[in-house]
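S.K.: A single structure is presented below for examination.
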Amino acid sequence: MTTIKIAGVPEHFNLPWHLSIENGDFEKENIDLQWTDVPEGTGKMCQMLRDGETDIAVILTEGIVKDIVAGNSSKIVQVYVESPLIWGIHVAAKSNYKTLADLENTKVAISRLGSGSQLMAYVNADNQGWETDILQFEIVNTIDGAVEALTNGTADYFMWERFMTKPLVDKGIFRRIADCPTPWPCFVIAVRNEVLEKNPKIISKIVEIINKTTQEFKDIPSIDKTLASNYNQKIDDIQEWLSLTQWSQRTLTEEVLNKIQNQLFQLKIIDKKGTFDAIVKTV
């Protein structure tokens, strides 16, 4: 048995991994795949890859591209979710902010520096024609931290995956005032270089197994009910989310990587661009 550590957010996108682990799909291939939930998200997972706390991360594309360019010795082996992530832009339910324009020059809650919630705040500001150099951030670590910050006014808005945040909207804690989809495929599978060099066949097998699961995922009987109950969602919301979500079994193309790096560079999130070979590896 080879032990491989993998990390991802505790969100509906990652149910295929849990099903494959529970079904013993990896075990049959002598792989002990140990999953860790990381509610703090991408910034924390980048750190875990750097520190060797995880071997693989199922991670937001823009976040890992930024961190690899900044020296994280990992590579993207495949796109995991092809469709964009729909970031809901949320304010406290009782706040006076009514429109997206009201949020210019206010403070945004982010899970941590380098997280998707920070990077997408730049993308959204750029889309709105706001001054991106003067964005103000409040680090809140998790969605619970964001609830606290928005409720007590230490931050004004919070960007997080729209469907995972929907229960807070339904409960009247948050109000969603707009959406901001990522302009690229949202999740990729990243692996530490050391693990890629040492166990290329095992990584290839892990990718092959998860691809089989994601290909068949939407056809699993009552998968909508399973997702709704596991992730505290309304069935209608899950059905809408399933209709918008497309898993991938393909590598990240040079064209898409260039698009991501060009936008990150333009927004001054990265100060140089990495080569395709330094960021992507096919297994």
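For the structure tokens, the naming scheme is as follows: chains receive sequential letters (A, B, ...) according to their order of presentation, residues are indexed from 1 within each chain, and ligands are indexed from 1 in presentation order.
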I need the strand (DSSP E) residues of segment 13-212 of chain A per DSSP on the backbone, written as a PyMOL selection string.

M.R.: chain A and resi 31-37+56-60+74-81+86-92+107-110+136-139+157-161+174-181+187-192

S.K.: Per residue of segment 102-162 of chain A within 12 Å of segment 11-33 of chain A, which atom pair is closest and at what distance in Å (one decimal), using only C-alpha atoms, listed by chain and increasing number, as a tab-separated table?

M.R.:
```
residue	atom	partner	partner_atom	distance
A:Trp160	CA	A:Glu11	CA	11.5
A:Glu161	CA	A:Glu11	CA	9.3
A:Arg162	CA	A:Glu11	CA	11.4
```

S.K.: Selection from above, C-alpha atoms, as a tab-separated table (two decimals), in the first residue's frame, can you write it?

M.R.:
```tsv
chain	number	residue	atom	x	y	z
A	160	TRP	CA	-17.76	32.58	-1.94
A	161	GLU	CA	-19.17	29.79	-4.07
A	162	ARG	CA	-22.79	30.74	-4.64
```

S.K.: Taking only C-alpha atoms into account, name the residue in A:Ile206, A:Thr275, A:Gly63, A:Ile189 that is nearest to Gln34 of chain A.

M.R.: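 Smallest distance to Gln34 of chain A is found for A:Ile206.
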
S.K.: Among segment 21-170 of chain A, which residues carry a DSSP assignment of helix (DSSP H, G or I), reported as number ranges by chain?

M.R.: A: 21-22, 27-29, 42-51, 61-69, 100-103, 116-128, 132-134, 143-152, 162-170

S.K.: Keeping only C-alpha atoms, write those residues as a CSV table (one decimal), in the first residue's frame.

M.R.:
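Heads up, here's the output in result_6.csv:
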```
chain,number,residue,atom,x,y,z
A,21,ILE,CA,-12.5,6.3,-1.5
A,22,GLU,CA,-15.6,4.7,0.1
A,27,GLU,CA,-7.5,0.5,-2.3
A,28,LYS,CA,-8.0,-2.0,-5.1
A,29,GLU,CA,-4.9,-0.5,-6.7
A,42,THR,CA,-6.9,27.6,-1.6
A,43,GLY,CA,-4.4,29.7,0.3
A,44,LYS,CA,-4.2,27.1,3.1
A,45,MET,CA,-3.8,24.2,0.5
A,46,CYS,CA,-1.0,26.1,-1.3
A,47,GLN,CA,0.8,26.2,2.1
A,48,MET,CA,0.1,22.5,2.7
A,49,LEU,CA,1.7,21.6,-0.6
A,50,ARG,CA,4.7,23.8,0.2
A,51,ASP,CA,5.1,22.2,3.6
A,61,THR,CA,-7.0,27.2,-10.7
A,62,GLU,CA,-6.0,30.8,-10.3
A,63,GLY,CA,-4.8,30.3,-6.8
A,64,ILE,CA,-2.4,27.4,-7.6
A,65,VAL,CA,-1.1,29.1,-10.8
A,66,LYS,CA,-0.3,32.2,-8.7
A,67,ASP,CA,1.5,30.1,-6.1
A,68,ILE,CA,3.5,28.0,-8.5
A,69,VAL,CA,4.7,31.2,-10.2
A,100,LEU,CA,-22.7,46.0,-6.7
A,101,ALA,CA,-21.8,49.7,-7.3
A,102,ASP,CA,-22.4,50.3,-3.6
A,103,LEU,CA,-19.4,48.1,-2.7
A,116,GLY,CA,-9.7,32.5,-4.3
A,117,SER,CA,-11.8,34.9,-2.4
A,118,GLN,CA,-9.0,37.5,-2.6
A,119,LEU,CA,-8.1,36.8,-6.2
A,120,MET,CA,-11.7,37.0,-7.4
A,121,ALA,CA,-12.2,40.2,-5.5
A,122,TYR,CA,-9.6,41.6,-7.9
A,123,VAL,CA,-11.3,40.1,-10.9
A,124,ASN,CA,-14.6,41.5,-9.8
A,125,ALA,CA,-13.2,45.0,-9.1
A,126,ASP,CA,-11.6,44.9,-12.6
A,127,ASN,CA,-14.9,43.9,-14.2
A,128,GLN,CA,-16.6,46.9,-12.5
A,132,THR,CA,-7.8,47.5,-7.9
A,133,ASP,CA,-4.8,49.0,-6.2
A,134,ILE,CA,-6.8,50.2,-3.2
A,143,ILE,CA,-17.2,31.0,6.0
A,144,ASP,CA,-18.0,31.2,9.8
A,145,GLY,CA,-15.4,33.9,10.1
A,146,ALA,CA,-17.1,35.8,7.2
A,147,VAL,CA,-20.5,35.5,8.9
A,148,GLU,CA,-19.0,37.2,12.0
A,149,ALA,CA,-17.1,39.9,10.1
A,150,LEU,CA,-20.1,40.9,7.9
A,151,THR,CA,-22.5,40.8,10.8
A,152,ASN,CA,-20.4,42.9,13.1
A,162,ARG,CA,-22.8,30.7,-4.6
A,163,PHE,CA,-24.5,27.4,-3.9
A,164,MET,CA,-22.5,26.6,-0.7
A,165,THR,CA,-23.4,30.0,0.6
A,166,LYS,CA,-27.1,29.7,-0.4
A,167,PRO,CA,-28.2,28.2,3.0
A,168,LEU,CA,-26.9,31.4,4.7
A,169,VAL,CA,-28.9,33.5,2.2
A,170,ASP,CA,-32.0,31.4,2.9
```

S.K.: Just to confirm, what's the straight-line distance from atom CA of Ile89 of chain A to atom CA of Arg176 of chain A in Å (one decimal)?

M.R.: 5.7 Å

S.K.: I'd like to know which of A:Thr99, A:Ser83, A:Glu194, A:Ser229 is closest to Leu242 of chain A, using only C-alpha atoms.

M.R.: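 So, comparing all the options, the nearest one is A:Ser83.
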
S.K.: With distances taken over only C-alpha atoms, which of A:Ala93, A:Ser248, A:Val58, A:Thr2 is nearest to Lys212 of chain A?

M.R.: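 Of A:Ala93, A:Ser248, A:Val58, A:Thr2, the one nearest Lys212 of chain A is A:Ser248, counting only C-alpha atoms.
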
S.K.: To one decimal place, how far is atom CA of Ser73 of chain A from atom CA of Cys186 of chain A in Å?

M.R.: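 Rounded to one decimal, the two atoms are 20.6 Å apart.
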
S.K.: Considering only C-alpha atoms, return as a PyMOL selection string whatever protein or nucleic-acid residues lie within 9 Å of Ile260 of chain A, sequence-local ones (same chain, fewer than 3 positions apart) excluded.

M.R.: chain A and resi 61-62+65+183-184+255-257+263-265

S.K.: List the neighbours of Asn211 of chain A out to 10 Å using only C-alpha atoms; skip same-chain residues closer than 6 positions along the sequence, and give me the result as a VMD selection string.

M.R.: chain A and resid 16 to 17 78 80 205 217 247 to 250

S.K.: With N, CA and C atoms retained, could you export that selection as a CSV table (one decimal), in the first residue's frame?

M.R.:
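That gives us selection33.csv:
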```
chain,number,residue,atom,x,y,z
A,16,PRO,N,-17.2,13.2,-5.6
A,16,PRO,CA,-16.7,12.1,-6.4
A,16,PRO,C,-15.5,11.4,-5.7
A,17,TRP,N,-14.6,12.2,-5.1
A,17,TRP,CA,-13.5,11.7,-4.4
A,17,TRP,C,-13.9,10.8,-3.2
A,78,GLN,N,-4.1,18.0,-14.1
A,78,GLN,CA,-5.3,17.9,-14.8
A,78,GLN,C,-6.3,19.0,-14.4
A,80,TYR,N,-9.9,19.6,-13.1
A,80,TYR,CA,-10.9,18.7,-12.3
A,80,TYR,C,-12.3,19.1,-12.6
A,205,LYS,N,-2.6,6.7,-11.9
A,205,LYS,CA,-3.7,5.7,-11.6
A,205,LYS,C,-4.8,6.5,-10.8
A,217,PHE,N,-20.6,10.4,-12.7
A,217,PHE,CA,-21.1,11.0,-11.5
A,217,PHE,C,-22.6,11.4,-11.6
A,247,TRP,N,-17.5,18.3,-14.9
A,247,TRP,CA,-16.2,17.8,-14.5
A,247,TRP,C,-15.4,17.6,-15.8
A,248,SER,N,-14.1,17.5,-15.6
A,248,SER,CA,-13.2,17.4,-16.7
A,248,SER,C,-12.3,16.2,-16.5
A,249,GLN,N,-11.8,15.6,-17.7
A,249,GLN,CA,-10.9,14.5,-17.6
A,249,GLN,C,-9.7,14.9,-18.5
A,250,ARG,N,-9.5,16.2,-18.7
A,250,ARG,CA,-8.4,16.7,-19.6
A,250,ARG,C,-7.4,17.5,-18.9
```

S.K.: Choose the residue, out of A:Trp35, A:Thr106, A:Ala178, A:Thr142, that has the smallest atom-to-atom separation from His90 of chain A; count only C-alpha atoms.

M.R.: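 Of A:Trp35, A:Thr106, A:Ala178, A:Thr142, the one nearest His90 of chain A, counting only C-alpha atoms, is A:Ala178.
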
S.K.: One number please: atom CA of Ala7 of chain A to atom CA of Ile56 of chain A, in Å, one decimal.

M.R.: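 Interatomic distance here is 6.3 Å.
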
S.K.: Ranking A:Thr213, A:Asn141, A:Leu196, A:Ile6 by minimum distance to Gly114 of chain A and counting only C-alpha atoms, which one comes first?

M.R.: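 Comparing A:Thr213, A:Asn141, A:Leu196, A:Ile6 against Gly114 of chain A, the winner is A:Asn141.
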
S.K.: Let me make sure I understand: among A:Glu131, A:Gln136, A:Glu197, A:Pro10, which one has the smallest atom-to-atom distance to Leu227 of chain A if we use only C-alpha atoms?

M.R.: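 Among the listed residues, A:Pro10 lies closest to Leu227 of chain A.
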
S.K.: Contacts of Ile59 of chain A at 6 Å or less, counting only C-alpha atoms, minus same-chain residues fewer than 2 places along, as a ChimeraX atom specification?

M.R.: /A:42,57,187-188

S.K.: Export C-alpha atoms of the chosen residues as a compact mmCIF listing (two decimals), in the first residue's frame?

M.R.:
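Listed below is the output, selection28.txt:
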```txt
# COMPACT_ATOMS: atom_id res chain seq x y z
CA THR A 42 -6.91 27.55 -1.61
CA ALA A 57 -4.63 19.35 -3.72
CA PHE A 187 -10.72 23.46 -10.10
CA VAL A 188 -7.53 21.60 -11.00
```
